[in-house]
Structures are given as C-alpha cells and as structure tokens.
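Undergrad: My structure file query_30.cif, mmCIF, C-alpha atoms, is below:
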data_query
loop_
_atom_site.label_atom_id
_atom_site.label_comp_id
_atom_site.auth_asym_id
_atom_site.auth_seq_id
_atom_site.Cartn_x
_atom_site.Cartn_y
_atom_site.Cartn_z
CA MET A 1 69.09 1.69 -7.91
CA PRO A 2 65.69 0.03 -7.94
CA THR A 3 65.42 -3.32 -9.50
CA PHE A 4 63.12 -4.13 -12.35
CA LEU A 5 60.59 -5.82 -10.01
CA ASP A 6 60.57 -2.82 -7.67
CA ALA A 7 59.82 -0.51 -10.59
CA ILE A 8 56.95 -2.72 -11.74
CA ALA A 9 55.56 -2.94 -8.20
CA GLN A 10 55.66 0.85 -7.86
CA VAL A 11 53.56 1.19 -11.02
CA LEU A 12 51.18 -1.77 -10.60
CA LEU A 13 50.38 -1.68 -6.88
CA PRO A 14 48.77 1.78 -6.82
CA GLY A 15 46.76 0.94 -9.94
CA MET A 16 45.60 -2.35 -8.44
CA ALA A 17 44.66 -0.67 -5.18
CA ILE A 18 42.61 1.95 -7.04
CA ALA A 19 40.92 -0.76 -9.15
CA VAL A 20 40.01 -2.85 -6.09
CA LEU A 21 38.71 0.20 -4.21
CA SER A 22 36.61 1.44 -7.12
CA ALA A 23 35.22 -2.08 -7.72
CA TRP A 24 34.28 -2.36 -4.04
CA ILE A 25 32.56 1.06 -4.08
CA THR A 26 30.70 0.21 -7.30
CA VAL A 27 29.42 -3.08 -5.88
CA ARG A 28 28.31 -1.41 -2.63
CA LEU A 29 26.42 1.29 -4.56
CA ALA A 30 24.80 -1.30 -6.84
CA ILE A 31 23.64 -3.37 -3.86
CA ARG A 32 22.29 -0.25 -2.15
CA ARG A 33 20.34 0.74 -5.26
CA PHE A 34 19.00 -2.78 -5.63
CA HIS A 35 17.70 -2.72 -2.03
CA GLN A 36 16.11 0.70 -2.54
CA GLU A 37 14.36 -0.47 -5.69
CA ARG A 38 13.09 -3.64 -3.97
CA TRP A 39 11.81 -1.55 -1.05
CA TRP A 40 10.02 0.80 -3.48
CA ASP A 41 8.43 -2.25 -5.15
CA LYS A 42 7.16 -3.50 -1.79
CA LYS A 43 5.78 -0.08 -0.88
CA GLU A 44 4.04 0.19 -4.25
CA ALA A 45 2.51 -3.27 -3.82
CA ALA A 46 1.29 -2.40 -0.32
CA TYR A 47 -0.37 0.79 -1.55
CA SER A 48 -1.86 -0.96 -4.59
CA ASN A 49 -3.30 -3.80 -2.53
CA LEU A 50 -4.80 -1.42 0.03
CA LEU A 51 -6.31 0.77 -2.68
CA GLU A 52 -7.84 -2.28 -4.32
CA VAL A 53 -9.38 -3.46 -1.04
CA LEU A 54 -10.72 0.02 -0.27
CA HIS A 55 -12.24 0.14 -3.74
CA ARG A 56 -14.04 -3.14 -3.04
CA PHE A 57 -15.32 -1.71 0.27
CA LYS A 58 -16.58 1.34 -1.62
CA ARG A 59 -18.26 -0.82 -4.27
CA TYR A 60 -19.91 -2.97 -1.58
CA ALA A 61 -21.22 0.08 0.28
CA SER A 62 -22.41 1.64 -2.99
CA GLN A 63 -24.29 -1.50 -4.00
CA HIS A 64 -25.76 -1.85 -0.53
CA TYR A 65 -26.73 1.83 -0.59
CA GLY A 66 -28.45 1.42 -3.97
CA ARG A 67 -30.29 -1.62 -2.70
CA GLU A 68 -31.54 0.29 0.37
CA LEU A 69 -32.73 3.15 -1.85
CA GLY A 70 -34.68 0.62 -3.88
CA HIS A 71 -32.73 1.16 -7.12
CA HIS A 72 -32.37 -2.56 -7.57
CA ASN A 73 -33.58 -5.64 -5.80
CA PRO A 74 -30.94 -8.38 -5.93
CA SER A 75 -31.78 -12.04 -5.50
CA ASP A 76 -30.91 -13.90 -2.33
CA GLU A 77 -27.97 -15.50 -4.16
CA ASP A 78 -26.65 -12.08 -5.19
CA LYS A 79 -26.98 -10.86 -1.60
CA ALA A 80 -25.12 -13.93 -0.34
CA ALA A 81 -22.36 -13.46 -2.93
CA LEU A 82 -22.04 -9.79 -2.03
CA GLU A 83 -21.83 -10.62 1.67
CA ALA A 84 -19.22 -13.35 1.04
CA GLU A 85 -17.15 -10.89 -0.98
CA TRP A 86 -17.39 -8.33 1.83
CA GLN A 87 -16.18 -10.88 4.39
CA LYS A 88 -13.27 -11.88 2.15
CA THR A 89 -12.42 -8.21 1.55
CA ASN A 90 -12.59 -7.46 5.27
CA ARG A 91 -10.15 -10.29 6.06
CA GLU A 92 -7.81 -9.04 3.33
CA TYR A 93 -8.01 -5.49 4.70
CA GLU A 94 -7.17 -6.66 8.22
CA ARG A 95 -4.14 -8.58 6.90
CA LEU A 96 -2.93 -5.62 4.85
CA ARG A 97 -3.56 -3.23 7.73
CA ASP A 98 -1.41 -5.34 10.04
CA LEU A 99 1.45 -5.22 7.53
CA ALA A 100 0.93 -1.59 6.50
CA SER A 101 3.06 0.05 9.16
CA LEU A 102 6.11 -1.67 7.71
CA HIS A 103 5.77 -0.13 4.24
CA LEU A 104 3.42 2.87 4.39
CA SER A 105 4.25 6.43 5.36
CA GLU A 106 3.06 8.01 8.59
CA ASP A 107 0.61 10.10 6.57
CA ALA A 108 -0.89 6.98 4.99
CA MET A 109 -1.18 5.30 8.38
CA SER A 110 -3.02 8.30 9.79
CA ILE A 111 -5.40 8.18 6.79
CA LEU A 112 -6.16 4.52 7.55
CA ASN A 113 -6.69 5.34 11.24
CA GLU A 114 -9.07 8.14 10.26
CA TYR A 115 -10.94 5.74 7.94
CA GLU A 116 -11.41 3.19 10.70
CA LYS A 117 -12.58 5.92 13.09
CA LYS A 118 -15.15 7.17 10.57
CA LYS A 119 -16.38 3.61 10.00
CA ARG A 120 -16.88 3.11 13.73
CA GLU A 121 -18.66 6.46 14.04
CA ALA A 122 -20.99 5.54 11.16
CA GLN A 123 -22.22 2.41 12.93
CA ASN A 124 -25.54 3.13 14.57
CA GLU A 125 -29.09 1.89 14.79
CA ASP A 126 -30.15 3.25 11.39
CA LEU A 127 -28.87 0.92 8.66
CA PHE A 128 -29.26 3.57 5.95
CA GLN A 129 -27.07 6.08 7.82
CA TRP A 130 -24.56 3.34 8.57
CA ILE A 131 -24.21 2.44 4.89
CA GLU A 132 -24.08 6.12 3.89
CA GLY A 133 -21.34 6.80 6.46
CA ASP A 134 -19.42 3.70 5.41
CA LEU A 135 -19.57 4.75 1.75
CA ALA A 136 -18.41 8.29 2.59
CA ALA A 137 -15.53 6.94 4.73
CA ALA A 138 -14.35 4.55 2.00
CA THR A 139 -14.58 7.21 -0.72
CA ASP A 140 -12.69 9.78 1.37
CA CYS A 141 -10.01 7.29 2.38
CA LEU A 142 -9.49 6.16 -1.22
CA GLU A 143 -8.89 9.71 -2.44
CA LYS A 144 -6.58 10.63 0.43
CA LEU A 145 -4.62 7.37 0.23
CA LYS A 146 -4.07 7.83 -3.52
CA ARG A 147 -2.53 11.26 -2.88
CA ALA A 148 -0.41 9.93 -0.03
CA ALA A 149 0.80 7.02 -2.17
CA LYS A 150 1.81 9.30 -5.02
CA GLU A 151 3.72 11.53 -2.62
CA ASP A 152 5.40 8.65 -0.80
CA LEU A 153 6.33 6.82 -4.00
CA LYS A 154 7.35 10.09 -5.67
CA VAL A 155 5.18 9.55 -8.74
CA ARG A 156 2.78 11.90 -10.49
#
Let me see the structure of the file written as structure tokens.
TA:
Amino acid sequence: MPTFLDAIAQVLLPGMAIAVLSAWITVRLAIRRFHQERWWDKKEAAYSNLLEVLHRFKRYASQHYGRELGHHNPSDEDKAALEAEWQKTNREYERLRDLASLHLSEDAMSILNEYEKKKREAQNEDLFQWIEGDLAAATDCLEKLKRAAKEDLKVR
C-alpha cells in the first residue's frame, strides 16, 4: 500500500516535469523570436542606410548633370559644399558596402556589384557622359535595391 508521500509524489512529479519542460520550451522559443526580430531590424537598417546613400549619389549626379547642361550655375561655395557632401557620401557607401554582405541578400549584393560595374563603365574622357552614366547607374540601383529589400524583408 503506497504511503501518503508516495501518492503525492506520483501526482506532483509528472506535473512538475511537464511544467519545467513547457517553461524551457517557451523560453527557448521566445529567445529565438527575439533574435530573429533583432536580425530583421539590422537588415532593415542596412537596407535603409544603403538606400539613403544611393539617393544622395543620385541627387549629386542629378545636380552635377543640371549644372553641366547649364540649367543653373552654382557659386564656388555651393560647388565646394556639393563636392564635400559627395566625398562624405562616398566614404559612407564604402563603409556600408563592406558591412553589406553580413545583412543583405545575395540578390541585393549582386545589385550593388552591378551598380559598381556600371559606375566604372561610365567613367571616361567625356565628363557629360560620365555624369549621365553615373546618374543612370544610381537610379537603376535604387529601384532594384528597393525591390530586393521589400522581398528580403517580406514587406509590401
């Protein structure tokens, strides 16, 4: 005949084991979800920062293009400010590009590689064609990278 303590142990031990196991599983799933959400945040930030830098490249090329067409004639100070912004943007792009392979999809990386190839191909003796090619490369890359980001981040 089982004693009173044996009867209690037979009832409590399985319940305690189930409670501990379900608590452990719940914590593991919560930690996993937390890491996935943090990774998504980092990917989103990487895409956002790259898109912002590419937009600045596009704006620079567009302003330079307009200046070459004679649409506006900026002062020397405006030219210097525009050039300083381009240099800052270029450094930021290089930094982001170095970190991109950690967070971006393969498709996004191939888009960036294509952008850099088009930029190199655009460089030639004729400044006007160089600027035009640079503007086209930045515009194309921006549109393609937006689509890749939406697909990778699973947003509309």
Undergrad: Rank A:Arg56, A:Ala23, A:Trp40, A:Met16 by their smallest atom-to-atom distance to Tyr93 of chain A, using all atoms listed in the file, and report the top residue only.
TA: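 Checking each of A:Arg56, A:Ala23, A:Trp40, A:Met16 against Tyr93 of chain A, counting all atoms listed in the file, the winner is A:Arg56.
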Undergrad: So, with only C-alpha atoms as the atoms that count, which of A:Ala46, A:Ile131, A:Glu77, A:Ala138 lies closest to Arg95 of chain A?
TA: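 Ranked by minimum distance to Arg95 of chain A, first place goes to A:Ala46.
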Undergrad: Name all residues at most 6 Å from segment 105-119 of chain A (count all atoms listed in the file; drop same-chain ones fewer than 3 positions away) and give them as a list in words.
TA: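 Surrounding residues, per the criterion: Ala122, Asp134, Ala137, Cys141 and Ala148 of chain A.
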Undergrad: Have a look at A:Ala81, A:Ala149, A:Leu104, A:Ala30 and name the one nearest to Tyr60 of chain A; count only C-alpha atoms.
TA: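 Of A:Ala81, A:Ala149, A:Leu104, A:Ala30, the one nearest Tyr60 of chain A, counting only C-alpha atoms, is A:Ala81.
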Undergrad: Edge lengths and centre, in Å to one decimal, as JSON: that's what I need for the box along x, y and z that holds all listed atoms of segment 16-30 of chain A plus 8 Å on each side.
TA:
{"center_x": 35.2, "center_y": -0.6, "center_z": -5.9, "size_x": 36.8, "size_y": 21.0, "size_z": 22.5}
Undergrad: In Å, rounded to a single decimal, give me how far atom CA of Ala9 of chain A is from atom CA of Ile25 of chain A.
TA: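 For atom CA of Ile25 of chain A relative to atom CA of Ala9 of chain A, the distance reads 23.7 Å.
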Undergrad: Using all atoms listed in the file for the distances, tell me which of A:Glu125, A:Asp6, A:Glu85, A:Asp152 is nearest to Phe57 of chain A.
TA: A:Glu85
Undergrad: Give me the residues near Glu44 of chain A as a list in words, where near means some atom within 9 Å (using all atoms listed in the file) and where sequence neighbours in that chain fewer than 5 positions away do not count.
TA: Trp39, Asn49, His103, Ala149 and Leu153 of chain A
Undergrad: With distances taken over all atoms listed in the file, which residue among A:Leu5, A:Ala19, A:Leu82, A:Leu96 lies nearest Ser62 of chain A?
TA: A:Leu82
Undergrad: Take atom CA of Lys154 of chain A and atom CA of Glu94 of chain A and report the distance between them in Å, one decimal.
TA: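 Separation between atom CA of Lys154 of chain A and atom CA of Glu94 of chain A: 26.2 Å.
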Undergrad: So how far away is atom CA of Glu143 of chain A from atom CA of Gly70 of chain A, in Å?
TA: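 About the pair atom CA of Gly70 of chain A and atom CA of Glu143 of chain A: they are 27.4 Å apart.
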